[in-house]
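The data block below is coords29.cif; it holds mmCIF, C-alpha atoms and all ligand atoms.
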```
data_work
#
loop_
_atom_site.group_PDB
_atom_site.id
_atom_site.type_symbol
_atom_site.label_atom_id
_atom_site.label_comp_id
_atom_site.auth_asym_id
_atom_site.auth_seq_id
_atom_site.Cartn_x
_atom_site.Cartn_y
_atom_site.Cartn_z
ATOM 1 C CA MET A 1 -16.191 -1.680 -21.936
ATOM 2 C CA SER A 2 -15.415 -4.254 -19.282
ATOM 3 C CA TYR A 3 -12.710 -3.836 -16.619
ATOM 4 C CA GLU A 4 -12.572 -0.065 -16.979
ATOM 5 C CA ILE A 5 -11.147 1.952 -14.112
ATOM 6 C CA SER A 6 -11.958 5.590 -13.450
ATOM 7 C CA LYS A 7 -9.757 7.759 -11.283
ATOM 8 C CA VAL A 8 -10.334 8.888 -7.752
ATOM 9 C CA VAL A 9 -11.141 12.605 -7.720
ATOM 10 C CA LYS A 10 -10.375 14.239 -4.410
ATOM 11 C CA GLY A 11 -13.482 15.904 -2.971
ATOM 12 C CA GLU A 12 -15.899 13.800 -5.032
ATOM 13 C CA SER A 13 -18.400 11.669 -3.129
ATOM 14 C CA ILE A 14 -18.444 7.991 -4.206
ATOM 15 C CA ASP A 15 -21.688 6.280 -5.253
ATOM 16 C CA PHE A 16 -21.694 2.521 -5.322
ATOM 17 C CA LYS A 17 -24.256 -0.223 -5.727
ATOM 18 C CA MET A 18 -23.933 -3.585 -3.957
ATOM 19 C CA PRO A 19 -23.211 -6.525 -6.309
ATOM 20 C CA SER A 20 -26.175 -8.469 -7.631
ATOM 21 C CA PRO A 21 -26.826 -11.924 -6.079
ATOM 22 C CA GLU A 22 -26.682 -13.164 -9.678
ATOM 23 C CA PHE A 23 -22.892 -13.096 -9.368
ATOM 24 C CA PHE A 24 -22.992 -15.276 -6.236
ATOM 25 C CA GLU A 25 -25.088 -17.895 -8.053
ATOM 26 C CA ALA A 26 -23.027 -17.740 -11.247
ATOM 27 C CA ILE A 27 -19.681 -18.107 -9.453
ATOM 28 C CA GLY A 28 -20.951 -21.265 -7.722
ATOM 29 C CA ARG A 29 -22.014 -19.924 -4.315
ATOM 30 C CA GLU A 30 -19.670 -20.375 -1.296
ATOM 31 C CA GLU A 31 -17.262 -22.830 -2.872
ATOM 32 C CA GLY A 32 -17.006 -20.905 -6.138
ATOM 33 C CA MET A 33 -16.414 -17.645 -4.278
ATOM 34 C CA ARG A 34 -13.723 -19.297 -2.153
ATOM 35 C CA LYS A 35 -11.961 -20.525 -5.292
ATOM 36 C CA LEU A 36 -12.094 -17.074 -6.912
ATOM 37 C CA MET A 37 -10.857 -15.239 -3.811
ATOM 38 C CA TYR A 38 -8.043 -17.696 -3.090
ATOM 39 C CA ASP A 39 -6.910 -17.364 -6.684
ATOM 40 C CA PHE A 40 -7.119 -13.550 -6.391
ATOM 41 C CA TYR A 41 -4.937 -13.570 -3.265
ATOM 42 C CA ASP A 42 -2.417 -15.889 -4.916
ATOM 43 C CA ILE A 43 -2.146 -13.280 -7.699
ATOM 44 C CA ILE A 44 -1.831 -10.499 -5.076
ATOM 45 C CA TYR A 45 1.022 -12.439 -3.499
ATOM 46 C CA GLU A 46 2.994 -12.116 -6.758
ATOM 47 C CA SER A 47 2.023 -8.479 -7.354
ATOM 48 C CA ASP A 48 3.462 -5.031 -6.571
ATOM 49 C CA ILE A 49 1.157 -4.730 -3.532
ATOM 50 C CA ALA A 50 2.211 -8.040 -1.921
ATOM 51 C CA ASN A 51 4.092 -6.010 0.708
ATOM 52 C CA PHE A 52 0.776 -4.698 2.113
ATOM 53 C CA PHE A 53 -0.251 -8.201 3.164
ATOM 54 C CA PRO A 54 1.027 -10.585 5.840
ATOM 55 C CA GLN A 55 4.089 -12.527 4.704
ATOM 56 C CA GLU A 56 3.501 -15.285 7.195
ATOM 57 C CA GLU A 57 1.463 -18.109 5.606
ATOM 58 C CA GLU A 58 -1.004 -18.685 8.427
ATOM 59 C CA GLU A 59 -1.822 -14.964 8.712
ATOM 60 C CA PHE A 60 -2.143 -14.658 4.954
ATOM 61 C CA ASP A 61 -4.546 -17.637 4.932
ATOM 62 C CA GLU A 62 -6.634 -15.874 7.550
ATOM 63 C CA VAL A 63 -6.926 -12.766 5.341
ATOM 64 C CA LYS A 64 -7.929 -14.979 2.396
ATOM 65 C CA GLU A 65 -10.655 -16.625 4.445
ATOM 66 C CA LYS A 66 -12.021 -13.368 5.883
ATOM 67 C CA ASN A 67 -12.009 -11.824 2.437
ATOM 68 C CA THR A 68 -13.939 -14.837 1.081
ATOM 69 C CA LYS A 69 -16.562 -14.538 3.815
ATOM 70 C CA PHE A 70 -16.976 -10.807 3.224
ATOM 71 C CA PHE A 71 -17.597 -11.293 -0.499
ATOM 72 C CA ILE A 72 -20.005 -14.198 0.124
ATOM 73 C CA GLN A 73 -22.057 -11.900 2.350
ATOM 74 C CA ILE A 74 -22.053 -8.756 0.211
ATOM 75 C CA CYS A 75 -23.002 -10.748 -2.876
ATOM 76 C CA GLY A 76 -26.192 -11.877 -1.151
ATOM 77 C CA GLY A 77 -25.003 -15.193 0.280
ATOM 78 C CA PRO A 78 -25.244 -16.232 3.942
ATOM 79 C CA LYS A 79 -24.184 -13.615 6.482
ATOM 80 C CA VAL A 80 -20.918 -15.312 7.386
ATOM 81 C CA TYR A 81 -18.818 -12.161 7.888
ATOM 82 C CA GLU A 82 -20.885 -9.760 9.973
ATOM 83 C CA GLY A 83 -19.791 -11.249 13.323
ATOM 84 C CA GLN A 84 -16.453 -9.490 12.704
ATOM 85 C CA THR A 85 -17.837 -5.973 12.631
ATOM 86 C CA ASP A 86 -18.849 -5.266 16.263
ATOM 87 C CA GLY A 87 -22.235 -4.041 15.092
ATOM 88 C CA ILE A 88 -20.694 -1.376 12.822
ATOM 89 C CA ASP A 89 -22.274 -1.008 9.357
ATOM 90 C CA LEU A 90 -20.516 -3.453 7.035
ATOM 91 C CA ASN A 91 -19.472 -0.911 4.379
ATOM 92 C CA GLU A 92 -18.224 1.550 6.969
ATOM 93 C CA TYR A 93 -16.341 -1.211 8.776
ATOM 94 C CA MET A 94 -14.635 -2.345 5.567
ATOM 95 C CA ILE A 95 -13.639 1.177 4.516
ATOM 96 C CA ARG A 96 -12.240 2.031 7.953
ATOM 97 C CA LEU A 97 -10.299 -1.258 8.104
ATOM 98 C CA HIS A 98 -8.255 0.052 5.174
ATOM 99 C CA ASP A 99 -7.419 3.304 7.020
ATOM 100 C CA ASP A 100 -4.629 1.392 8.771
ATOM 101 C CA PHE A 101 -2.760 1.206 5.445
ATOM 102 C CA SER A 102 -1.474 4.041 3.239
ATOM 103 C CA ILE A 103 -3.240 3.177 -0.005
ATOM 104 C CA TYR A 104 -2.444 5.208 -3.115
ATOM 105 C CA GLU A 105 -4.377 5.214 -6.394
ATOM 106 C CA LYS A 106 -1.528 3.149 -7.839
ATOM 107 C CA SER A 107 -2.098 0.441 -5.193
ATOM 108 C CA ARG A 108 -5.787 0.432 -6.100
ATOM 109 C CA TYR A 109 -5.004 -0.045 -9.804
ATOM 110 C CA GLU A 110 -2.763 -2.969 -8.927
ATOM 111 C CA TRP A 111 -5.448 -4.492 -6.656
ATOM 112 C CA LEU A 112 -8.083 -4.153 -9.399
ATOM 113 C CA GLY A 113 -5.614 -5.580 -11.946
ATOM 114 C CA CYS A 114 -5.208 -8.704 -9.789
ATOM 115 C CA MET A 115 -8.982 -9.035 -9.543
ATOM 116 C CA GLU A 116 -9.346 -8.629 -13.299
ATOM 117 C CA GLU A 117 -6.840 -11.440 -13.847
ATOM 118 C CA ALA A 118 -8.776 -13.740 -11.491
ATOM 119 C CA LEU A 119 -12.151 -12.823 -13.026
ATOM 120 C CA ARG A 120 -10.963 -13.411 -16.586
ATOM 121 C CA LYS A 121 -10.330 -17.054 -15.692
ATOM 122 C CA VAL A 122 -13.907 -17.781 -14.628
ATOM 123 C CA GLU A 123 -16.526 -18.617 -17.192
ATOM 124 C CA ILE A 124 -19.443 -16.398 -16.315
ATOM 125 C CA GLU A 125 -21.545 -14.219 -18.578
ATOM 126 C CA GLN A 126 -19.681 -10.913 -19.022
ATOM 127 C CA ARG A 127 -22.819 -8.927 -18.117
ATOM 128 C CA ILE A 128 -22.797 -10.530 -14.640
ATOM 129 C CA LYS A 129 -19.058 -9.969 -14.198
ATOM 130 C CA ASP A 130 -19.515 -6.327 -15.228
ATOM 131 C CA ASP A 131 -22.022 -5.757 -12.428
ATOM 132 C CA PHE A 132 -19.560 -7.174 -9.886
ATOM 133 C CA TRP A 133 -16.742 -5.104 -11.396
ATOM 134 C CA ASN A 134 -18.846 -1.984 -11.107
ATOM 135 C CA TYR A 135 -19.078 -2.480 -7.335
ATOM 136 C CA LEU A 136 -15.327 -3.179 -7.037
ATOM 137 C CA GLU A 137 -14.315 -0.245 -9.182
ATOM 138 C CA ASN A 138 -16.364 2.227 -7.148
ATOM 139 C CA PHE A 139 -15.949 0.771 -3.672
ATOM 140 C CA SER A 140 -12.186 0.487 -4.092
ATOM 141 C CA LYS A 141 -12.036 4.294 -4.431
ATOM 142 C CA LEU A 142 -12.984 4.428 -0.751
ATOM 143 C CA THR A 143 -9.898 2.459 0.242
ATOM 144 C CA VAL A 144 -7.608 5.101 -1.327
ATOM 145 C CA ASN A 145 -6.529 7.476 1.432
ATOM 146 C CA THR A 146 -3.070 8.789 0.451
ATOM 147 C CA PHE A 147 -2.202 11.047 -2.485
ATOM 148 C CA SER A 148 0.996 11.656 -4.399
ATOM 149 C CA ASP A 149 1.451 15.084 -2.777
ATOM 150 C CA GLY A 150 1.604 13.201 0.541
ATOM 151 C CA SER A 151 -1.843 14.373 1.699
ATOM 152 C CA VAL A 152 -4.315 12.067 3.415
ATOM 153 C CA TYR A 153 -7.986 12.254 2.485
ATOM 154 C CA TYR A 154 -11.070 10.083 3.129
ATOM 155 C CA ALA A 155 -13.930 10.364 0.638
ATOM 156 C CA ASP A 156 -17.647 10.483 1.502
ATOM 157 C CA TYR A 157 -19.926 7.895 -0.016
ATOM 158 C CA ASN A 158 -23.545 7.002 -0.829
ATOM 159 C CA PRO A 159 -24.355 3.301 -0.965
ATOM 160 C CA GLY A 160 -27.195 2.329 -3.312
ATOM 161 C CA GLN A 161 -29.173 -0.912 -3.139
HETATM 162 C C1 LIG A 201 -13.423 -3.162 -3.603
HETATM 163 C C2 LIG A 201 -12.355 -2.901 -2.865
HETATM 164 C C3 LIG A 201 -11.901 -3.717 -1.679
HETATM 165 C C4 LIG A 201 -12.585 -4.587 -0.881
HETATM 166 C C5 LIG A 201 -14.061 -4.960 -0.959
HETATM 167 C C6 LIG A 201 -11.640 -5.111 0.092
HETATM 168 C C7 LIG A 201 -11.941 -6.042 1.051
HETATM 169 C C8 LIG A 201 -11.082 -6.505 2.011
HETATM 170 C C9 LIG A 201 -11.390 -7.522 2.989
HETATM 171 C C10 LIG A 201 -12.728 -8.235 3.101
HETATM 172 C C11 LIG A 201 -10.314 -7.693 3.781
HETATM 173 C C12 LIG A 201 -10.169 -8.663 4.969
HETATM 174 C C13 LIG A 201 -10.801 -8.025 6.162
HETATM 175 C C14 LIG A 201 -10.606 -8.725 7.495
HETATM 176 O O1 LIG A 201 -9.458 -8.855 7.937
HETATM 177 O O2 LIG A 201 -11.610 -9.098 8.113
HETATM 178 C C15 LIG A 201 -9.310 -6.760 3.303
HETATM 179 C C16 LIG A 201 -8.068 -6.593 3.862
HETATM 180 C C17 LIG A 201 -7.091 -5.819 3.313
HETATM 181 N N1 LIG A 201 -7.145 -5.094 2.146
HETATM 182 FE FE1 LIG A 201 -8.776 -4.788 1.044
HETATM 183 N N2 LIG A 201 -10.405 -4.539 -0.117
HETATM 184 C C18 LIG A 201 -10.523 -3.679 -1.194
HETATM 185 C C19 LIG A 201 -9.522 -2.920 -1.759
HETATM 186 C C20 LIG A 201 -8.243 -2.907 -1.323
HETATM 187 C C21 LIG A 201 -7.186 -2.175 -1.973
HETATM 188 C C22 LIG A 201 -7.327 -1.305 -3.222
HETATM 189 C C23 LIG A 201 -6.064 -2.395 -1.269
HETATM 190 C C24 LIG A 201 -4.751 -1.814 -1.628
HETATM 191 C C25 LIG A 201 -3.606 -2.244 -1.248
HETATM 192 C C26 LIG A 201 -6.413 -3.273 -0.142
HETATM 193 C C27 LIG A 201 -5.575 -3.709 0.861
HETATM 194 C C28 LIG A 201 -5.934 -4.495 1.930
HETATM 195 C C29 LIG A 201 -5.063 -4.835 3.025
HETATM 196 C C30 LIG A 201 -3.632 -4.372 3.181
HETATM 197 C C31 LIG A 201 -5.778 -5.667 3.902
HETATM 198 C C32 LIG A 201 -5.376 -6.224 5.256
HETATM 199 C C33 LIG A 201 -4.411 -7.315 5.297
HETATM 200 C C34 LIG A 201 -4.096 -7.636 6.748
HETATM 201 O O3 LIG A 201 -5.019 -7.932 7.538
HETATM 202 O O4 LIG A 201 -2.923 -7.572 7.100
HETATM 203 N N3 LIG A 201 -7.743 -3.566 -0.233
HETATM 204 N N4 LIG A 201 -9.804 -6.070 2.222
#
```
Kindly return the structure encoded in the file as structure tokens.
Amino acid sequence: MSYEISKVVKGESIDFKMPSPEFFEAIGREEGMRKLMYDFYDIIYESDIANFFPQEEEEFDEVKEKNTKFFIQICGGPKVYEGQTDGIDLNEYMIRLHDDFSIYEKSRYEWLGCMEEALRKVEIEQRIKDDFWNYLENFSKLTVNTFSDGSVYYADYNPGQ
């Protein structure tokens, strides 16, 4: 089933596989990815997690652009994001960037829900979307760091190819 979400289990190491470059081609390379990610952030802006993001338009636009570049790179496109990471491994950098925010499982569900809404609008073979979703669904578990009992916890992970 597409767009499924499994729960974060505290203490469980997260396996994830980078998205296939097939998604980058199917979405329409840089311009297609930009369109998808700008749409996604417009949905975020109307969502229950809007408060996590900058309210000032220029700052919000900057997040949209950085997010676009990150996804272009991890989907096998040109390496337009890595200059931001100070030589730190890209996955590690992206996980640690989220440590600055208290992200609950509920915030993750909302984030994934916004992405689902954006993805449903693009006409790409479901099989290719599913591969991309699989990355998002697993990787997003690593951004969750706060639990309903108030505890803070950072999961271990194993990236696949
Ligand atoms: C697959 C999962 C996710 C990926 C790949 C991802 C990726 C990104 C990227 C690329 C950025 C911009 C980084 C930069 O400034 O250079 C970002 C920022 C951010 N993300 Fe995520 N994200 C994910 C999940 C989440 C979730 C679940 C939340 C929950 C609220 C979240 C909240 C944020 C926030 C608050 C920012 C920073 C906004 C700011 O700079 O003020 N992210 N994320």
(message) Just want the residues within 6 Å of ligand LIG 201 (chain A), written as a PyMOL selection string, counting only C-alpha atoms and all ligand atoms.
(response) chain A and resi 49+52-54+63+66-67+70+103+107-108+111+136+139-140+143
Filtering to C-alpha atoms, could you give me those residues as a PDB file, keeping the file's coordinate frame?
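Listed below is the output, out-v7.pdb:
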```
ATOM      1  CA  ILE A  49       1.157  -4.730  -3.532  1.00  0.00           C
ATOM      2  CA  PHE A  52       0.776  -4.698   2.113  1.00  0.00           C
ATOM      3  CA  PHE A  53      -0.251  -8.201   3.164  1.00  0.00           C
ATOM      4  CA  PRO A  54       1.027 -10.585   5.840  1.00  0.00           C
ATOM      5  CA  VAL A  63      -6.926 -12.766   5.341  1.00  0.00           C
ATOM      6  CA  LYS A  66     -12.021 -13.368   5.883  1.00  0.00           C
ATOM      7  CA  ASN A  67     -12.009 -11.824   2.437  1.00  0.00           C
ATOM      8  CA  PHE A  70     -16.976 -10.807   3.224  1.00  0.00           C
ATOM      9  CA  ILE A 103      -3.240   3.177  -0.005  1.00  0.00           C
ATOM     10  CA  SER A 107      -2.098   0.441  -5.193  1.00  0.00           C
ATOM     11  CA  ARG A 108      -5.787   0.432  -6.100  1.00  0.00           C
ATOM     12  CA  TRP A 111      -5.448  -4.492  -6.656  1.00  0.00           C
ATOM     13  CA  LEU A 136     -15.327  -3.179  -7.037  1.00  0.00           C
ATOM     14  CA  PHE A 139     -15.949   0.771  -3.672  1.00  0.00           C
ATOM     15  CA  SER A 140     -12.186   0.487  -4.092  1.00  0.00           C
ATOM     16  CA  THR A 143      -9.898   2.459   0.242  1.00  0.00           C
TER      17      THR A 143
END
```
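You will find CA of Gln84 in chain A at 22.3 Å from CA of Gln55 in chain A.
At a cut-off of 9 Å from (-23.2, -4.0, -5.6), the residue set is Phe16, Lys17, Met18, Pro19, Ser20, Pro21, Ile74, Cys75, Asp131, Phe132, Trp133, Asn134, Tyr135, Leu136, Phe139, Pro159, Gly160 and Gln161 of chain A (counting all atoms listed in the file).
For the residues A:Phe23, A:Tyr93, A:Phe60, A:Tyr38, ranking by smallest atom-to-atom distance to Gly76 in chain A using all atoms listed in the file places A:Phe23 first.
For the pair CA of Phe147 in chain A and CA of Glu46 in chain A, the separation is 24.1 Å.
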(request) Record the distance separating CA of Glu30 in chain A and CA of Asp48 in chain A, expressed in Å with one decimal. (result) 28.3 Å
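Near (-8.9, 2.4, -6.9), the residues that fall inside 7 Å on the basis of only C-alpha atoms are Lys7, Val8, Glu105, Arg108, Tyr109, Glu137, Ser140, Lys141 and Val144 of chain A.
With distances restricted to all atoms listed in the file, A:Ile44 is the closest residue to Glu116 in chain A from A:Ile14, A:Ile44, A:Met33, A:Ala26.
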(message) My list of candidates is A:Lys129, A:Ser2, A:Tyr154, A:Lys64. Which is closest to Arg96 in chain A when distances are computed with all atoms listed in the file?
(response) A:Tyr154
Can you sort out the box for range 46-52 of chain A, edges along x, y and z, all listed atoms in, 5 Å on every side, with centre and edge lengths in Å to one decimal, as JSON?
```
{"center_x": 2.4, "center_y": -8.4, "center_z": -2.6, "size_x": 13.3, "size_y": 17.4, "size_z": 19.5}
```
(request) Using the chain letters and residue numbers of this document, give as a PyMOL selection string the residues selected by the PyMOL selection byres (((chain A and resi 29) around 12) and not hetatm). (result) chain A and resi 21-28+30-36+68-69+71-73+75-78
Save out the residues we just selected, C-alpha atoms, as an mmCIF file, keeping the file's coordinate frame.
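See out.cif below for the written result:
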```cif
data_model
loop_
_atom_site.group_PDB
_atom_site.id
_atom_site.type_symbol
_atom_site.label_atom_id
_atom_site.label_comp_id
_atom_site.auth_asym_id
_atom_site.auth_seq_id
_atom_site.Cartn_x
_atom_site.Cartn_y
_atom_site.Cartn_z
ATOM 1 C CA PRO A 21 -26.826 -11.924 -6.079
ATOM 2 C CA GLU A 22 -26.682 -13.164 -9.678
ATOM 3 C CA PHE A 23 -22.892 -13.096 -9.368
ATOM 4 C CA PHE A 24 -22.992 -15.276 -6.236
ATOM 5 C CA GLU A 25 -25.088 -17.895 -8.053
ATOM 6 C CA ALA A 26 -23.027 -17.740 -11.247
ATOM 7 C CA ILE A 27 -19.681 -18.107 -9.453
ATOM 8 C CA GLY A 28 -20.951 -21.265 -7.722
ATOM 9 C CA GLU A 30 -19.670 -20.375 -1.296
ATOM 10 C CA GLU A 31 -17.262 -22.830 -2.872
ATOM 11 C CA GLY A 32 -17.006 -20.905 -6.138
ATOM 12 C CA MET A 33 -16.414 -17.645 -4.278
ATOM 13 C CA ARG A 34 -13.723 -19.297 -2.153
ATOM 14 C CA LYS A 35 -11.961 -20.525 -5.292
ATOM 15 C CA LEU A 36 -12.094 -17.074 -6.912
ATOM 16 C CA THR A 68 -13.939 -14.837 1.081
ATOM 17 C CA LYS A 69 -16.562 -14.538 3.815
ATOM 18 C CA PHE A 71 -17.597 -11.293 -0.499
ATOM 19 C CA ILE A 72 -20.005 -14.198 0.124
ATOM 20 C CA GLN A 73 -22.057 -11.900 2.350
ATOM 21 C CA CYS A 75 -23.002 -10.748 -2.876
ATOM 22 C CA GLY A 76 -26.192 -11.877 -1.151
ATOM 23 C CA GLY A 77 -25.003 -15.193 0.280
ATOM 24 C CA PRO A 78 -25.244 -16.232 3.942
#
```
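Proximity ranking of A:Ile128, A:Asp156, A:Gly150, A:Leu97 relative to Thr85 in chain A places A:Leu97 first, based on all atoms listed in the file.
Between Arg120 in chain A and the residues A:Glu65, A:Asp39, A:Glu58, A:Asp15, the shortest atom-to-atom distance, using all atoms listed in the file, involves A:Asp39.
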Atoms are missing here; could range 141-154 of chain A be completed with N, CA and C atoms and written as a PDB file, keeping the file's coordinate frame?
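Full text of result_9.pdb as output:
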```pdb
ATOM      1  N   LYS A 141     -12.441   2.882  -4.555  1.00  0.00           N
ATOM      2  CA  LYS A 141     -12.036   4.294  -4.431  1.00  0.00           C
ATOM      3  C   LYS A 141     -12.016   4.716  -2.961  1.00  0.00           C
ATOM      4  N   LEU A 142     -12.879   4.058  -2.169  1.00  0.00           N
ATOM      5  CA  LEU A 142     -12.984   4.428  -0.751  1.00  0.00           C
ATOM      6  C   LEU A 142     -11.845   3.866   0.090  1.00  0.00           C
ATOM      7  N   THR A 143     -11.061   2.991  -0.494  1.00  0.00           N
ATOM      8  CA  THR A 143      -9.898   2.459   0.242  1.00  0.00           C
ATOM      9  C   THR A 143      -8.658   3.338  -0.011  1.00  0.00           C
ATOM     10  N   VAL A 144      -8.748   4.207  -1.029  1.00  0.00           N
ATOM     11  CA  VAL A 144      -7.608   5.101  -1.327  1.00  0.00           C
ATOM     12  C   VAL A 144      -7.638   6.250  -0.318  1.00  0.00           C
ATOM     13  N   ASN A 145      -6.546   6.444   0.392  1.00  0.00           N
ATOM     14  CA  ASN A 145      -6.529   7.476   1.432  1.00  0.00           C
ATOM     15  C   ASN A 145      -5.268   8.357   1.389  1.00  0.00           C
ATOM     16  N   THR A 146      -4.328   8.045   0.494  1.00  0.00           N
ATOM     17  CA  THR A 146      -3.070   8.789   0.451  1.00  0.00           C
ATOM     18  C   THR A 146      -2.802   9.241  -0.982  1.00  0.00           C
ATOM     19  N   PHE A 147      -2.383  10.489  -1.140  1.00  0.00           N
ATOM     20  CA  PHE A 147      -2.202  11.047  -2.485  1.00  0.00           C
ATOM     21  C   PHE A 147      -0.734  11.361  -2.751  1.00  0.00           C
ATOM     22  N   SER A 148      -0.426  11.541  -4.035  1.00  0.00           N
ATOM     23  CA  SER A 148       0.996  11.656  -4.399  1.00  0.00           C
ATOM     24  C   SER A 148       1.663  12.898  -3.803  1.00  0.00           C
ATOM     25  N   ASP A 149       0.846  13.910  -3.426  1.00  0.00           N
ATOM     26  CA  ASP A 149       1.451  15.084  -2.777  1.00  0.00           C
ATOM     27  C   ASP A 149       1.651  14.818  -1.272  1.00  0.00           C
ATOM     28  N   GLY A 150       1.372  13.578  -0.852  1.00  0.00           N
ATOM     29  CA  GLY A 150       1.604  13.201   0.541  1.00  0.00           C
ATOM     30  C   GLY A 150       0.389  13.456   1.433  1.00  0.00           C
ATOM     31  N   SER A 151      -0.678  14.062   0.871  1.00  0.00           N
ATOM     32  CA  SER A 151      -1.843  14.373   1.699  1.00  0.00           C
ATOM     33  C   SER A 151      -2.692  13.128   1.945  1.00  0.00           C
ATOM     34  N   VAL A 152      -3.429  13.172   3.037  1.00  0.00           N
ATOM     35  CA  VAL A 152      -4.315  12.067   3.415  1.00  0.00           C
ATOM     36  C   VAL A 152      -5.742  12.580   3.306  1.00  0.00           C
ATOM     37  N   TYR A 153      -6.620  11.791   2.716  1.00  0.00           N
ATOM     38  CA  TYR A 153      -7.986  12.254   2.485  1.00  0.00           C
ATOM     39  C   TYR A 153      -8.930  11.053   2.444  1.00  0.00           C
ATOM     40  N   TYR A 154     -10.084  11.170   3.112  1.00  0.00           N
ATOM     41  CA  TYR A 154     -11.070  10.083   3.129  1.00  0.00           C
ATOM     42  C   TYR A 154     -12.348  10.580   2.459  1.00  0.00           C
TER      43      TYR A 154
END
```
